[in-house]
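The structure file my_file_36.cif is reproduced below (mmCIF, C-alpha atoms and all ligand atoms).
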```cif
data_my_file
loop_
_atom_site.group_PDB
_atom_site.id
_atom_site.type_symbol
_atom_site.label_atom_id
_atom_site.label_comp_id
_atom_site.auth_asym_id
_atom_site.auth_seq_id
_atom_site.Cartn_x
_atom_site.Cartn_y
_atom_site.Cartn_z
ATOM 1 C CA MET T 128 51.562 -79.173 -149.446
ATOM 2 C CA THR T 129 49.300 -81.957 -148.301
ATOM 3 C CA SER T 130 46.623 -80.538 -150.631
ATOM 4 C CA ASP T 131 49.041 -80.957 -153.577
ATOM 5 C CA TYR T 132 49.403 -84.588 -152.576
ATOM 6 C CA SER T 133 45.632 -85.094 -152.438
ATOM 7 C CA GLN T 134 45.281 -83.422 -155.845
ATOM 8 C CA MET T 135 47.938 -85.746 -157.263
ATOM 9 C CA GLN T 136 46.047 -88.741 -155.830
ATOM 10 C CA LYS T 137 42.728 -87.487 -157.155
ATOM 11 C CA ALA T 138 44.185 -86.968 -160.642
ATOM 12 C CA TYR T 139 45.567 -90.505 -160.575
ATOM 13 C CA TYR T 140 42.362 -92.179 -159.429
ATOM 14 C CA GLU T 141 40.152 -90.039 -161.714
ATOM 15 C CA GLY T 142 42.591 -90.437 -164.587
ATOM 16 C CA PRO T 143 42.800 -92.648 -167.622
ATOM 17 C CA THR T 144 43.822 -95.799 -165.726
ATOM 18 C CA ASP T 145 41.258 -98.479 -166.376
ATOM 19 C CA PRO T 146 39.203 -98.797 -163.145
ATOM 20 C CA GLU T 147 39.649 -102.580 -163.395
ATOM 21 C CA HIS T 148 43.378 -102.005 -162.985
ATOM 22 C CA ILE T 149 43.091 -99.703 -159.956
ATOM 23 C CA VAL T 150 42.411 -102.846 -157.940
ATOM 24 C CA GLY T 151 45.470 -104.665 -159.312
ATOM 25 C CA ASN T 152 45.161 -108.463 -159.351
ATOM 26 C CA TYR T 153 41.427 -108.352 -158.830
ATOM 27 C CA ALA T 154 41.052 -112.137 -158.813
ATOM 28 C CA TRP T 155 43.793 -112.536 -156.191
ATOM 29 C CA HIS T 156 42.010 -110.066 -153.907
ATOM 30 C CA GLU T 157 38.655 -111.691 -154.558
ATOM 31 C CA ASN T 158 40.116 -115.014 -153.396
ATOM 32 C CA PHE T 159 41.642 -113.521 -150.252
ATOM 33 C CA PRO T 160 39.657 -114.139 -147.027
ATOM 34 C CA TYR T 161 39.283 -110.455 -146.109
ATOM 35 C CA GLU T 162 36.025 -111.038 -144.202
ATOM 36 C CA THR T 163 37.658 -113.359 -141.657
ATOM 37 C CA LEU T 164 40.543 -110.986 -141.141
ATOM 38 C CA LEU T 165 38.360 -107.884 -140.889
ATOM 39 C CA LEU T 166 35.608 -109.278 -138.687
ATOM 40 C CA TYR T 167 37.469 -111.504 -136.211
ATOM 41 C CA VAL T 168 40.131 -110.333 -133.762
ATOM 42 C CA ASP T 169 43.446 -111.814 -134.919
ATOM 43 C CA GLY T 170 41.558 -113.641 -137.695
ATOM 44 C CA ASP T 171 40.397 -116.060 -134.981
ATOM 45 C CA ILE T 172 36.830 -117.199 -135.646
ATOM 46 C CA ARG T 173 36.356 -117.764 -131.905
ATOM 47 C CA ARG T 174 36.761 -113.996 -131.393
ATOM 48 C CA PRO T 175 34.188 -112.145 -133.505
ATOM 49 C CA LEU T 176 34.251 -108.352 -133.324
ATOM 50 C CA PHE T 177 30.446 -108.381 -133.296
ATOM 51 C CA SER T 178 28.234 -110.991 -131.646
ATOM 52 C CA SER T 179 25.411 -110.052 -134.045
ATOM 53 C CA PHE T 180 25.169 -107.885 -137.151
ATOM 54 C CA LYS T 181 21.530 -107.000 -136.522
ATOM 55 C CA GLY T 182 20.928 -103.284 -137.158
ATOM 56 C CA LEU T 183 24.641 -102.540 -137.646
ATOM 57 C CA LYS T 184 26.011 -100.069 -140.187
ATOM 58 C CA ALA T 185 29.443 -100.343 -141.775
ATOM 59 C CA LEU T 186 31.498 -97.921 -143.851
ATOM 60 C CA ASP T 187 34.143 -98.951 -146.395
ATOM 61 C CA PHE T 188 36.872 -96.296 -146.512
ATOM 62 C CA ALA T 189 38.473 -95.974 -149.980
ATOM 63 C CA CYS T 190 35.939 -98.427 -151.357
ATOM 64 C CA GLY T 191 36.888 -97.996 -155.040
ATOM 65 C CA PRO T 192 34.368 -99.773 -157.284
ATOM 66 C CA GLY T 193 32.640 -101.330 -154.260
ATOM 67 C CA ARG T 194 34.328 -104.758 -154.338
ATOM 68 C CA MET T 195 34.319 -105.131 -150.538
ATOM 69 C CA VAL T 196 31.048 -103.215 -150.101
ATOM 70 C CA SER T 197 29.374 -106.127 -151.928
ATOM 71 C CA ARG T 198 31.212 -108.744 -149.898
ATOM 72 C CA MET T 199 30.588 -107.113 -146.517
ATOM 73 C CA SER T 200 26.906 -106.584 -147.374
ATOM 74 C CA ARG T 201 26.493 -110.334 -146.789
ATOM 75 C CA PHE T 202 27.062 -109.598 -143.089
ATOM 76 C CA PHE T 203 25.915 -106.053 -142.367
ATOM 77 C CA PRO T 204 22.377 -104.957 -143.227
ATOM 78 C CA ARG T 205 23.899 -101.661 -144.384
ATOM 79 C CA VAL T 206 27.320 -100.932 -145.887
ATOM 80 C CA ASP T 207 28.207 -97.498 -147.318
ATOM 81 C CA GLY T 208 31.390 -96.306 -148.979
ATOM 82 C CA ALA T 209 33.684 -93.299 -149.375
ATOM 83 C CA ASP T 210 36.498 -92.734 -151.861
ATOM 84 C CA ILE T 211 38.603 -89.927 -153.331
ATOM 85 C CA SER T 212 37.544 -90.833 -156.890
ATOM 86 C CA GLU T 213 34.255 -89.666 -158.391
ATOM 87 C CA LYS T 214 34.852 -92.073 -161.270
ATOM 88 C CA LEU T 215 35.171 -95.103 -158.992
ATOM 89 C CA ILE T 216 32.248 -93.992 -156.829
ATOM 90 C CA THR T 217 30.076 -93.831 -159.965
ATOM 91 C CA ILE T 218 30.961 -97.480 -160.610
ATOM 92 C CA ALA T 219 30.370 -98.384 -156.953
ATOM 93 C CA ARG T 220 26.885 -96.815 -157.106
ATOM 94 C CA LYS T 221 26.047 -99.074 -160.058
ATOM 95 C CA ASN T 222 27.517 -102.165 -158.377
ATOM 96 C CA CYS T 223 25.865 -101.515 -155.004
ATOM 97 C CA PRO T 224 22.634 -99.531 -155.561
ATOM 98 C CA GLN T 225 21.436 -100.127 -152.001
ATOM 99 C CA SER T 226 24.403 -98.244 -150.466
ATOM 100 C CA ASP T 227 25.204 -94.573 -149.970
ATOM 101 C CA PHE T 228 28.530 -93.271 -151.268
ATOM 102 C CA TRP T 229 30.555 -90.091 -150.789
ATOM 103 C CA VAL T 230 33.420 -88.601 -152.783
ATOM 104 C CA THR T 231 36.051 -87.234 -150.373
ATOM 105 C CA SER T 232 38.911 -84.717 -150.598
ATOM 106 C CA GLY T 233 41.575 -87.369 -149.984
ATOM 107 C CA ALA T 234 42.443 -85.966 -146.548
ATOM 108 C CA ASP T 235 39.325 -86.741 -144.512
ATOM 109 C CA LEU T 236 35.871 -88.318 -144.679
ATOM 110 C CA GLY T 237 34.121 -85.151 -145.914
ATOM 111 C CA ASP T 238 30.325 -85.362 -145.821
ATOM 112 C CA VAL T 239 30.097 -88.892 -144.427
ATOM 113 C CA PRO T 240 27.692 -88.459 -141.496
ATOM 114 C CA LYS T 241 29.207 -88.260 -138.030
ATOM 115 C CA ASN T 242 28.406 -90.605 -135.133
ATOM 116 C CA ASN T 243 26.771 -92.991 -137.605
ATOM 117 C CA TYR T 244 28.729 -96.251 -138.032
ATOM 118 C CA ASP T 245 29.337 -99.333 -135.913
ATOM 119 C CA PHE T 246 32.255 -100.441 -138.055
ATOM 120 C CA ILE T 247 34.679 -98.785 -140.481
ATOM 121 C CA TYR T 248 37.050 -100.939 -142.499
ATOM 122 C CA SER T 249 39.496 -100.451 -145.345
ATOM 123 C CA THR T 250 41.345 -102.801 -147.690
ATOM 124 C CA ILE T 251 44.302 -102.231 -150.051
ATOM 125 C CA ALA T 252 43.991 -98.454 -149.842
ATOM 126 C CA LEU T 253 45.583 -96.867 -146.748
ATOM 127 C CA GLN T 254 48.981 -98.277 -147.724
ATOM 128 C CA HIS T 255 48.774 -96.051 -150.819
ATOM 129 C CA ILE T 256 48.638 -92.816 -148.751
ATOM 130 C CA ALA T 257 52.295 -91.905 -148.219
ATOM 131 C CA VAL T 258 51.709 -88.812 -146.049
ATOM 132 C CA HIS T 259 51.548 -89.373 -142.286
ATOM 133 C CA GLN T 260 49.689 -86.084 -141.622
ATOM 134 C CA ILE T 261 46.953 -87.059 -144.089
ATOM 135 C CA ARG T 262 46.516 -90.549 -142.651
ATOM 136 C CA ASP T 263 46.322 -89.013 -139.175
ATOM 137 C CA ARG T 264 43.512 -86.676 -140.312
ATOM 138 C CA ILE T 265 41.714 -89.587 -141.948
ATOM 139 C CA PHE T 266 41.928 -91.733 -138.793
ATOM 140 C CA ARG T 267 40.588 -88.850 -136.665
ATOM 141 C CA SER T 268 37.846 -88.306 -139.218
ATOM 142 C CA MET T 269 36.952 -92.023 -138.970
ATOM 143 C CA LYS T 270 36.684 -91.739 -135.194
ATOM 144 C CA GLU T 271 34.140 -88.910 -135.625
ATOM 145 C CA ARG T 272 32.011 -91.107 -137.935
ATOM 146 C CA LEU T 273 31.901 -93.992 -135.455
ATOM 147 C CA ARG T 274 29.185 -94.436 -132.889
ATOM 148 C CA PRO T 275 30.536 -94.510 -129.305
ATOM 149 C CA GLU T 276 30.890 -98.319 -129.333
ATOM 150 C CA GLY T 277 32.233 -98.352 -132.905
ATOM 151 C CA LYS T 278 35.267 -100.292 -134.095
ATOM 152 C CA VAL T 279 37.626 -100.214 -137.053
ATOM 153 C CA THR T 280 39.703 -102.838 -138.824
ATOM 154 C CA LEU T 281 42.149 -101.314 -141.270
ATOM 155 C CA GLN T 282 44.311 -103.428 -143.544
ATOM 156 C CA MET T 283 47.692 -102.030 -144.511
ATOM 157 C CA ALA T 284 50.975 -103.480 -145.793
ATOM 158 C CA TYR T 285 53.880 -104.646 -143.606
ATOM 159 C CA SER T 286 57.362 -105.968 -144.236
ATOM 160 C CA SER T 287 59.241 -108.096 -141.728
ATOM 161 C CA THR T 288 62.345 -108.154 -143.923
ATOM 162 C CA HIS T 289 62.979 -104.618 -145.190
ATOM 163 C CA PRO T 290 65.544 -103.285 -146.018
ATOM 164 C CA TYR T 291 66.643 -106.737 -147.164
ATOM 165 C CA MET T 292 64.752 -108.077 -150.118
ATOM 166 C CA PRO T 293 63.269 -111.466 -149.452
ATOM 167 C CA THR T 294 65.212 -114.148 -151.227
ATOM 168 C CA ARG T 295 62.451 -115.993 -152.948
ATOM 169 C CA ARG T 296 63.938 -118.416 -155.410
ATOM 170 C CA ASP T 297 60.996 -118.287 -157.769
ATOM 171 C CA TYR T 298 61.177 -114.480 -157.936
ATOM 172 C CA SER T 299 64.882 -114.364 -158.694
ATOM 173 C CA LEU T 300 64.437 -117.017 -161.362
ATOM 174 C CA GLU T 301 61.550 -115.102 -162.835
ATOM 175 C CA LEU T 302 63.039 -111.616 -162.597
ATOM 176 C CA GLY T 303 66.765 -111.868 -163.130
ATOM 177 C CA PRO T 304 68.074 -108.321 -163.774
ATOM 178 C CA ALA T 305 64.736 -106.766 -162.748
ATOM 179 C CA LYS T 306 65.891 -107.158 -159.124
ATOM 180 C CA VAL T 307 67.651 -103.784 -159.399
ATOM 181 C CA LYS T 308 64.396 -102.190 -160.493
ATOM 182 C CA LEU T 309 62.726 -103.667 -157.443
ATOM 183 C CA SER T 310 65.141 -102.093 -154.968
ATOM 184 C CA ARG T 311 64.661 -98.707 -156.637
ATOM 185 C CA LYS T 312 60.914 -99.028 -156.173
ATOM 186 C CA VAL T 313 61.295 -99.990 -152.531
ATOM 187 C CA ARG T 314 63.431 -96.913 -151.816
ATOM 188 C CA ASN T 315 60.625 -94.817 -153.229
ATOM 189 C CA HIS T 316 58.246 -95.755 -150.439
ATOM 190 C CA ALA T 317 57.612 -93.678 -147.305
ATOM 191 C CA ARG T 318 58.355 -94.630 -143.728
ATOM 192 C CA TRP T 319 55.451 -94.465 -141.239
ATOM 193 C CA LEU T 320 56.169 -90.976 -139.838
ATOM 194 C CA GLU T 321 57.281 -89.526 -143.170
ATOM 195 C CA ASN T 322 55.221 -87.008 -145.124
ATOM 196 C CA LYS T 323 56.003 -87.781 -148.758
ATOM 197 C CA ASP T 324 53.784 -84.947 -149.949
ATOM 198 C CA GLN T 325 55.941 -84.293 -153.029
ATOM 199 C CA ALA T 326 55.255 -87.759 -154.416
ATOM 200 C CA GLN T 327 54.039 -87.774 -158.003
ATOM 201 C CA VAL T 328 52.785 -91.356 -157.964
ATOM 202 C CA THR T 329 50.526 -93.515 -155.811
ATOM 203 C CA ASN T 330 48.712 -96.880 -155.781
ATOM 204 C CA SER T 331 51.773 -99.054 -154.983
ATOM 205 C CA LEU T 332 54.379 -96.871 -156.751
ATOM 206 C CA CYS T 333 54.963 -94.785 -153.587
ATOM 207 C CA ASP T 334 53.362 -96.462 -150.581
ATOM 208 C CA VAL T 335 53.877 -96.308 -146.840
ATOM 209 C CA MET T 336 55.937 -99.202 -145.528
ATOM 210 C CA ILE T 337 55.150 -100.505 -142.066
ATOM 211 C CA LEU T 338 58.225 -102.139 -140.566
ATOM 212 C CA PRO T 339 58.635 -103.993 -137.234
ATOM 213 C CA GLU T 340 60.086 -100.934 -135.478
ATOM 214 C CA ASP T 341 57.013 -98.856 -136.401
ATOM 215 C CA LEU T 342 54.561 -101.042 -134.466
ATOM 216 C CA PRO T 343 54.926 -99.330 -131.031
ATOM 217 C CA VAL T 344 54.355 -95.882 -132.607
ATOM 218 C CA ILE T 345 51.326 -97.097 -134.537
ATOM 219 C CA ARG T 346 49.864 -98.754 -131.448
ATOM 220 C CA GLN T 347 50.270 -95.514 -129.509
ATOM 221 C CA GLU T 348 48.690 -93.392 -132.286
ATOM 222 C CA PHE T 349 45.663 -95.654 -132.725
ATOM 223 C CA SER T 350 45.163 -96.074 -128.972
ATOM 224 C CA SER T 351 45.156 -92.321 -128.485
ATOM 225 C CA ILE T 352 42.567 -91.784 -131.254
ATOM 226 C CA PHE T 353 40.330 -94.844 -130.823
ATOM 227 C CA GLY T 354 40.923 -95.928 -127.220
ATOM 228 C CA SER T 355 42.495 -99.324 -127.950
ATOM 229 C CA CYS T 356 44.533 -101.027 -130.644
ATOM 230 C CA GLN T 357 45.845 -104.430 -131.587
ATOM 231 C CA PHE T 358 47.424 -105.924 -134.691
ATOM 232 C CA TRP T 359 47.270 -109.117 -136.613
ATOM 233 C CA LEU T 360 49.877 -109.972 -139.213
ATOM 234 C CA TYR T 361 48.829 -112.299 -141.985
ATOM 235 C CA GLU T 362 51.606 -113.645 -144.153
ATOM 236 C CA VAL T 363 50.969 -112.932 -147.822
ATOM 237 C CA ALA T 364 54.396 -113.283 -149.458
ATOM 238 C CA SER T 365 53.968 -117.001 -150.048
ATOM 239 C CA ARG T 366 50.546 -116.340 -151.538
ATOM 240 C CA PHE T 367 51.908 -113.978 -154.206
ATOM 241 C CA THR T 368 52.260 -115.921 -157.393
ATOM 242 C CA PRO T 369 55.418 -114.713 -159.130
ATOM 243 C CA PRO T 370 55.562 -112.041 -160.277
ATOM 244 C CA PHE T 371 52.377 -111.293 -158.308
ATOM 245 C CA GLY T 372 49.883 -111.434 -161.085
ATOM 246 C CA PRO T 373 49.601 -109.744 -164.452
ATOM 247 C CA ARG T 374 49.490 -106.164 -163.092
ATOM 248 C CA HIS T 375 52.735 -106.307 -161.105
ATOM 249 C CA ARG T 376 55.831 -106.714 -163.245
ATOM 250 C CA VAL T 377 57.957 -106.924 -160.097
ATOM 251 C CA PRO T 378 56.894 -108.436 -156.760
ATOM 252 C CA TYR T 379 55.160 -106.102 -154.345
ATOM 253 C CA TRP T 380 57.347 -105.373 -151.285
ATOM 254 C CA PRO T 381 55.212 -106.474 -148.268
ATOM 255 C CA THR T 382 55.610 -109.793 -146.553
ATOM 256 C CA HIS T 383 52.349 -109.471 -144.594
ATOM 257 C CA TRP T 384 49.043 -107.685 -144.556
ATOM 258 C CA ILE T 385 48.649 -105.993 -141.196
ATOM 259 C CA PHE T 386 45.108 -105.794 -139.817
ATOM 260 C CA ILE T 387 44.819 -102.967 -137.301
ATOM 261 C CA HIS T 388 41.874 -103.419 -134.942
ATOM 262 C CA ALA T 389 40.950 -100.344 -132.916
ATOM 263 C CA GLY T 390 37.957 -98.961 -131.107
ATOM 264 C CA ALA T 391 35.961 -99.133 -127.978
ATOM 265 C CA HIS T 392 35.747 -102.329 -125.935
ATOM 266 C CA LEU T 393 37.710 -104.518 -128.337
ATOM 267 C CA ASP T 394 37.751 -107.405 -125.915
ATOM 268 C CA LYS T 395 34.015 -107.528 -125.260
HETATM 269 C C1 LIG T 401 43.655 -100.474 -154.869
HETATM 270 S S1 LIG T 401 42.153 -99.600 -154.736
HETATM 271 C C2 LIG T 401 41.245 -100.573 -153.546
HETATM 272 C C3 LIG T 401 39.754 -100.388 -153.645
HETATM 273 C C4 LIG T 401 38.938 -101.180 -152.600
HETATM 274 N N1 LIG T 401 39.247 -100.766 -151.253
HETATM 275 C C5 LIG T 401 39.153 -102.680 -152.735
HETATM 276 O O1 LIG T 401 39.631 -103.316 -151.782
HETATM 277 O O2 LIG T 401 38.824 -103.223 -153.784
HETATM 278 C C6 LIG T 401 42.647 -98.177 -153.785
HETATM 279 C C7 LIG T 401 41.488 -97.235 -153.538
HETATM 280 O O3 LIG T 401 41.856 -96.254 -152.583
HETATM 281 C C8 LIG T 401 41.275 -95.016 -152.968
HETATM 282 N N2 LIG T 401 42.076 -93.970 -152.312
HETATM 283 C C9 LIG T 401 43.421 -93.812 -152.397
HETATM 284 N N3 LIG T 401 43.808 -92.762 -151.663
HETATM 285 C C10 LIG T 401 42.693 -92.260 -151.075
HETATM 286 C C11 LIG T 401 42.464 -91.178 -150.175
HETATM 287 N N4 LIG T 401 43.460 -90.374 -149.783
HETATM 288 N N5 LIG T 401 41.186 -90.953 -149.748
HETATM 289 C C12 LIG T 401 40.170 -91.743 -150.170
HETATM 290 N N6 LIG T 401 40.335 -92.777 -151.043
HETATM 291 C C13 LIG T 401 41.582 -93.035 -151.474
HETATM 292 C C14 LIG T 401 41.384 -95.034 -154.473
HETATM 293 O O4 LIG T 401 40.551 -94.117 -155.134
HETATM 294 C C15 LIG T 401 41.025 -96.488 -154.775
HETATM 295 O O5 LIG T 401 39.666 -96.656 -154.935
#
```

For the file at hand, write its structure as structure tokens.
Ligand SMILES: C[S@@+](CC[C@H](N)C(=O)[O-])C[C@H]1O[C@@H](n2cnc3c(N)ncnc32)[C@H](O)[C@@H]1O
Amino acid sequence: MTSDYSQMQKAYYEGPTDPEHIVGNYAWHENFPYETLLLYVDGDIRRPLFSSFKGLKALDFACGPGRMVSRMSRFFPRVDGADISEKLITIARKNCPQSDFWVTSGADLGDVPKNNYDFIYSTIALQHIAVHQIRDRIFRSMKERLRPEGKVTLQMAYSSTHPYMPTRRDYSLELGPAKVKLSRKVRNHARWLENKDQAQVTNSLCDVMILPEDLPVIRQEFSSIFGSCQFWLYEVASRFTPPFGPRHRVPYWPTHWIFIHAGAHLDK
């Protein structure tokens, strides 16, 4: 059944949706300081993950049109990308001609070379994979692509308030009756250990919600695959402009972006 899910995702990301809209609120994401949060432990500029970028290779998982491949290429001499969508990879190749790209099955990293990267990162993508078994395969597949000293920082979405909807005055003013619609959407999302492989929608319509009680399980899973794990929560709710930009008619559910750092020798 997980292959049905990957086919559904592929159809969505290859489908008629305008690639510009796959990365909803493009300008918001372009203004977000992803580099600091990906490259420094706990977003603390005194704690860089890498003391030098010389000779290092990075891989962007679920890179889409290459938005963060371009941005991270200011640091790493080499940044490659992988994504489920041939259509988006074609755009990424045009945007970033110096990089290598791979189209994947949706459940692993396919032909991305093994034992090859010092750093793998991902932004606004893993939260859209609502099947625990598939994410687990992807994380194991990432580990195989890392060099022995390699590290990952993976951004996902977290809510400190679920199941209660945050009472944000500006949202209720803005939305009025649409609040009901919002709760329906939230119920549609998967819990961390759930395998929502029957889902017919993706890309924020059926995401995986990370909640406070999931953190110990996630820490244990990442530690067992990568050897170590720590989190950093960055509050985003107050940075969402109601109703979170032109592509979101109702506010998106997370209160924070969670940055999951994992890999060998995190504290060095
Ligand atoms: C919202 S876009 C983000 C693109 C890019 N990471 C960025 O930050 O601009 C989500 C991306 O995740 C990719 N994606 C979703 N599920 C995937 C999966 N199972 N395997 C690989 N890529 C996936 C989509 O094709 C899409 O490019």

If you take all atoms listed in the file and a cut-off of 7 Å, which residues of chain T touch ligand LIG 401 (chain T), and what are their nearest atom pairs and distances in Å to one decimal, in chain and number order, as CSV?
```
residue,atom,partner,partner_atom,distance
T:Ser133,CA,T:LIG401,N4,6.3
T:Gln136,CA,T:LIG401,N3,6.2
T:Tyr140,CA,T:LIG401,O4,5.0
T:Ile149,CA,T:LIG401,C1,5.2
T:Val150,CA,T:LIG401,C1,4.1
T:Gly151,CA,T:LIG401,C1,6.4
T:Phe188,CA,T:LIG401,N6,6.7
T:Ala189,CA,T:LIG401,N6,3.8
T:Cys190,CA,T:LIG401,N1,4.1
T:Gly191,CA,T:LIG401,O5,3.1
T:Pro192,CA,T:LIG401,C3,6.5
T:Gly193,CA,T:LIG401,O2,6.5
T:Arg194,CA,T:LIG401,O2,4.8
T:Met195,CA,T:LIG401,O1,5.7
T:Ala209,CA,T:LIG401,C12,6.7
T:Asp210,CA,T:LIG401,N6,3.9
T:Ile211,CA,T:LIG401,C12,4.0
T:Ser212,CA,T:LIG401,O4,4.8
T:Leu215,CA,T:LIG401,O5,6.3
T:Thr231,CA,T:LIG401,C12,6.1
T:Ser232,CA,T:LIG401,N5,6.7
T:Gly233,CA,T:LIG401,N4,3.6
T:Ala234,CA,T:LIG401,N4,5.6
T:Asp235,CA,T:LIG401,N5,7.0
T:Ser249,CA,T:LIG401,N1,5.9
T:Thr250,CA,T:LIG401,O1,4.5
T:Ile251,CA,T:LIG401,C2,4.9
T:Ala252,CA,T:LIG401,O3,4.1
T:Leu253,CA,T:LIG401,N3,6.6
T:His255,CA,T:LIG401,C9,6.0
T:Ile256,CA,T:LIG401,N3,5.6
T:Asn330,CA,T:LIG401,C1,6.3
```

**OP:** Report the distance between atom CA of T:Thr280 and atom CA of T:Tyr379 in Å, rounded to one decimal place.
**Re:** 22.1 Å

Subject >> Expected selection from the PyMOL selection byres (((chain T and resi 222) around 10) and not hetatm), given as a ChimeraX atom specification >> reply: /T:192-194,196-197,216-221,223-226

Original post:
Please, what distance in Å, to one decimal, runs between atom CA of T:Pro381 and atom CA of T:Ser286?
Top reply: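 These two atoms are separated by 4.6 Å.
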
Original post:
At what distance in Å, to one decimal, does atom CA of T:Ser268 lie from atom CA of T:Leu342?
Top reply: 21.5 Å
